[in-house]
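Structure, as structure tokens:
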Amino acid sequence: MSERELIAAALLARESSYSPYSGFCVGAALLAQSGRVYTGCNIENAAYTPTVCAERTAFFKAVSEGERGFVAIAVVGSPAGNVTQLAWPCGVCRQVMMEFCDPQRFTVIVAKSEEEYEKRTLADLLPEGFGPDNLA
């Protein structure tokens with residue numbers, strides 16, 4: 001799957017965002033090593049703490065269906081309407097990625113559109129991250 005196709009899937013997932021409090025709509029598309037794509041959107045809650053980010057929604061869907069290896073994730077987020085900015089994953093989402101991904105190989109793509117995006121490895125976004133290998 002191309003980066004643009006993954007971004008397109010994230011843009012589509014963003015349309016399902018439940019963000020009545022912040023108005024900040026996020027979509028994510030996670031590419032598994034199997035080739036399957038899992039999408040997620042942010043889901044807010046009036047109590048705030050139970051809110052779940054789009055990235056974690058995608059990861060939890062994938063893991064709950066037995067996936068354990070991942071290649072890349074595309075993330076798009078911005079206030080409701082057109083995507084106007086790059087929305088990098090929060091620290092909690094980066095930590096979840098660290099649990100399931102090789103930080104040197106896993107690619108995080110953040111996009112405004114299929115044509116305008118940036119990408120980094122998880123290692124770039126979470127240097128000196130703590131993961132399963134630290135417990136071995």
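Here, A, B, ... name the chains of the structure tokens in the order displayed, residue numbers run from 1 inside each chain, and ligands are numbered from 1 in the same displayed order.
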Mind checking DSSP for chain A and telling me the alpha helix (DSSP H) residues as JSON, numbers by chain?
{"A": [3, 4, 5, 6, 7, 8, 9, 10, 11, 12, 13, 14, 54, 55, 56, 57, 58, 59, 60, 61, 62, 63, 64, 91, 92, 93, 94, 95, 96, 97, 98, 99, 100, 122, 123, 124, 125]}
Just write the chosen residues, C-alpha atoms, as an mmCIF file, in the first residue's frame.
data_model
loop_
_atom_site.group_PDB
_atom_site.id
_atom_site.type_symbol
_atom_site.label_atom_id
_atom_site.label_comp_id
_atom_site.auth_asym_id
_atom_site.auth_seq_id
_atom_site.Cartn_x
_atom_site.Cartn_y
_atom_site.Cartn_z
ATOM 1 C CA GLU A 3 1.704 6.291 1.578
ATOM 2 C CA ARG A 4 -1.004 8.213 -0.290
ATOM 3 C CA GLU A 5 -3.444 5.303 -0.017
ATOM 4 C CA LEU A 6 -2.774 5.044 3.709
ATOM 5 C CA ILE A 7 -3.359 8.788 4.096
ATOM 6 C CA ALA A 8 -6.611 8.492 2.125
ATOM 7 C CA ALA A 9 -7.770 5.790 4.554
ATOM 8 C CA ALA A 10 -6.912 8.058 7.514
ATOM 9 C CA LEU A 11 -8.819 10.953 5.943
ATOM 10 C CA LEU A 12 -11.859 8.702 5.553
ATOM 11 C CA ALA A 13 -11.558 7.464 9.148
ATOM 12 C CA ARG A 14 -11.446 11.088 10.342
ATOM 13 C CA ALA A 54 -7.436 7.781 16.712
ATOM 14 C CA GLU A 55 -4.028 6.099 16.743
ATOM 15 C CA ARG A 56 -4.820 4.001 19.806
ATOM 16 C CA THR A 57 -8.241 3.105 18.413
ATOM 17 C CA ALA A 58 -6.544 1.704 15.292
ATOM 18 C CA PHE A 59 -3.914 -0.173 17.305
ATOM 19 C CA PHE A 60 -6.434 -1.651 19.721
ATOM 20 C CA LYS A 61 -8.671 -2.815 16.869
ATOM 21 C CA ALA A 62 -5.706 -4.477 15.171
ATOM 22 C CA VAL A 63 -4.322 -6.119 18.302
ATOM 23 C CA SER A 64 -7.787 -7.337 19.320
ATOM 24 C CA GLY A 91 2.988 10.837 23.991
ATOM 25 C CA VAL A 92 0.544 8.138 25.090
ATOM 26 C CA CYS A 93 0.031 7.032 21.482
ATOM 27 C CA ARG A 94 3.777 6.993 20.896
ATOM 28 C CA GLN A 95 4.149 4.719 23.930
ATOM 29 C CA VAL A 96 1.485 2.338 22.580
ATOM 30 C CA MET A 97 3.361 2.252 19.268
ATOM 31 C CA MET A 98 6.534 1.400 21.180
ATOM 32 C CA GLU A 99 4.805 -1.660 22.623
ATOM 33 C CA PHE A 100 4.082 -3.183 19.218
ATOM 34 C CA LEU A 122 9.023 6.027 15.767
ATOM 35 C CA ALA A 123 12.628 6.274 17.038
ATOM 36 C CA ASP A 124 12.698 9.881 15.812
ATOM 37 C CA LEU A 125 9.474 10.662 17.683
#
So which residues of chain A fall under strand (DSSP E) by DSSP, listed as a VMD selection string?
chain A and resid 24 to 32 37 to 41 70 to 79 107 to 111 117 to 121
Using N, CA and C atoms, can you export the residues from the last selection as an mmCIF file, in the first residue's frame?
data_model
loop_
_atom_site.group_PDB
_atom_site.id
_atom_site.type_symbol
_atom_site.label_atom_id
_atom_site.label_comp_id
_atom_site.auth_asym_id
_atom_site.auth_seq_id
_atom_site.Cartn_x
_atom_site.Cartn_y
_atom_site.Cartn_z
ATOM 1 N N PHE A 24 -11.826 18.852 17.510
ATOM 2 C CA PHE A 24 -10.584 18.456 16.837
ATOM 3 C C PHE A 24 -10.762 17.021 16.346
ATOM 4 N N CYS A 25 -10.872 16.858 15.038
ATOM 5 C CA CYS A 25 -11.182 15.567 14.428
ATOM 6 C C CYS A 25 -9.909 14.892 13.925
ATOM 7 N N VAL A 26 -9.714 13.638 14.346
ATOM 8 C CA VAL A 26 -8.503 12.907 13.967
ATOM 9 C C VAL A 26 -8.877 11.541 13.391
ATOM 10 N N GLY A 27 -8.156 11.157 12.351
ATOM 11 C CA GLY A 27 -8.301 9.832 11.763
ATOM 12 C C GLY A 27 -6.932 9.194 11.640
ATOM 13 N N ALA A 28 -6.892 7.875 11.736
ATOM 14 C CA ALA A 28 -5.633 7.143 11.603
ATOM 15 C C ALA A 28 -5.866 5.887 10.788
ATOM 16 N N ALA A 29 -4.834 5.491 10.047
ATOM 17 C CA ALA A 29 -4.867 4.242 9.299
ATOM 18 C C ALA A 29 -3.554 3.519 9.564
ATOM 19 N N LEU A 30 -3.646 2.323 10.112
ATOM 20 C CA LEU A 30 -2.504 1.531 10.552
ATOM 21 C C LEU A 30 -2.295 0.364 9.597
ATOM 22 N N LEU A 31 -1.106 0.283 9.018
ATOM 23 C CA LEU A 31 -0.772 -0.799 8.096
ATOM 24 C C LEU A 31 -0.051 -1.910 8.852
ATOM 25 N N ALA A 32 -0.659 -3.094 8.861
ATOM 26 C CA ALA A 32 -0.060 -4.260 9.514
ATOM 27 C C ALA A 32 0.872 -4.972 8.540
ATOM 28 N N VAL A 37 -5.213 -3.100 6.688
ATOM 29 C CA VAL A 37 -5.241 -1.746 7.235
ATOM 30 C C VAL A 37 -6.356 -1.648 8.269
ATOM 31 N N TYR A 38 -6.009 -1.104 9.432
ATOM 32 C CA TYR A 38 -6.968 -0.885 10.513
ATOM 33 C C TYR A 38 -7.104 0.615 10.704
ATOM 34 N N THR A 39 -8.323 1.092 10.721
ATOM 35 C CA THR A 39 -8.541 2.529 10.878
ATOM 36 C C THR A 39 -9.086 2.837 12.262
ATOM 37 N N GLY A 40 -8.940 4.097 12.640
ATOM 38 C CA GLY A 40 -9.468 4.560 13.910
ATOM 39 C C GLY A 40 -9.725 6.045 13.863
ATOM 40 N N CYS A 41 -10.585 6.499 14.738
ATOM 41 C CA CYS A 41 -10.844 7.931 14.892
ATOM 42 C C CYS A 41 -10.779 8.249 16.382
ATOM 43 N N PHE A 70 3.573 -4.359 12.710
ATOM 44 C CA PHE A 70 3.072 -3.180 12.011
ATOM 45 C C PHE A 70 4.172 -2.482 11.236
ATOM 46 N N VAL A 71 3.775 -1.860 10.130
ATOM 47 C CA VAL A 71 4.703 -1.207 9.207
ATOM 48 C C VAL A 71 4.665 0.310 9.338
ATOM 49 N N ALA A 72 3.444 0.866 9.339
ATOM 50 C CA ALA A 72 3.298 2.331 9.309
ATOM 51 C C ALA A 72 1.918 2.738 9.781
ATOM 52 N N ILE A 73 1.807 4.009 10.156
ATOM 53 C CA ILE A 73 0.513 4.595 10.484
ATOM 54 C C ILE A 73 0.452 5.975 9.848
ATOM 55 N N ALA A 74 -0.709 6.307 9.304
ATOM 56 C CA ALA A 74 -0.964 7.658 8.795
ATOM 57 C C ALA A 74 -1.955 8.322 9.736
ATOM 58 N N VAL A 75 -1.705 9.581 10.063
ATOM 59 C CA VAL A 75 -2.548 10.327 10.995
ATOM 60 C C VAL A 75 -2.898 11.673 10.375
ATOM 61 N N VAL A 76 -4.181 12.027 10.422
ATOM 62 C CA VAL A 76 -4.633 13.346 9.973
ATOM 63 C C VAL A 76 -5.523 13.928 11.052
ATOM 64 N N GLY A 77 -5.285 15.171 11.401
ATOM 65 C CA GLY A 77 -6.087 15.783 12.441
ATOM 66 C C GLY A 77 -6.064 17.290 12.358
ATOM 67 N N SER A 78 -7.202 17.875 12.706
ATOM 68 C CA SER A 78 -7.350 19.324 12.644
ATOM 69 C C SER A 78 -8.741 19.656 13.169
ATOM 70 N N PRO A 79 -8.980 20.914 13.501
ATOM 71 C CA PRO A 79 -10.356 21.269 13.845
ATOM 72 C C PRO A 79 -11.305 20.857 12.719
ATOM 73 N N THR A 107 7.078 3.531 10.577
ATOM 74 C CA THR A 107 6.959 4.878 10.020
ATOM 75 C C THR A 107 5.670 5.543 10.476
ATOM 76 N N VAL A 108 5.793 6.774 10.943
ATOM 77 C CA VAL A 108 4.648 7.596 11.320
ATOM 78 C C VAL A 108 4.529 8.696 10.268
ATOM 79 N N ILE A 109 3.377 8.728 9.599
ATOM 80 C CA ILE A 109 3.102 9.711 8.555
ATOM 81 C C ILE A 109 2.020 10.645 9.077
ATOM 82 N N VAL A 110 2.279 11.934 9.085
ATOM 83 C CA VAL A 110 1.247 12.907 9.442
ATOM 84 C C VAL A 110 0.976 13.759 8.205
ATOM 85 N N ALA A 111 -0.305 14.021 7.976
ATOM 86 C CA ALA A 111 -0.661 14.626 6.700
ATOM 87 C C ALA A 111 -1.730 15.697 6.823
ATOM 88 N N TYR A 117 2.480 15.951 3.297
ATOM 89 C CA TYR A 117 2.682 15.155 4.509
ATOM 90 C C TYR A 117 4.159 15.087 4.864
ATOM 91 N N GLU A 118 4.404 14.666 6.109
ATOM 92 C CA GLU A 118 5.757 14.427 6.607
ATOM 93 C C GLU A 118 5.783 13.053 7.240
ATOM 94 N N LYS A 119 6.956 12.462 7.308
ATOM 95 C CA LYS A 119 7.060 11.154 7.945
ATOM 96 C C LYS A 119 8.340 11.073 8.754
ATOM 97 N N ARG A 120 8.271 10.267 9.809
ATOM 98 C CA ARG A 120 9.393 10.033 10.712
ATOM 99 C C ARG A 120 9.330 8.585 11.175
ATOM 100 N N THR A 121 10.446 8.073 11.672
ATOM 101 C CA THR A 121 10.392 6.775 12.335
ATOM 102 C C THR A 121 9.902 6.999 13.757
#
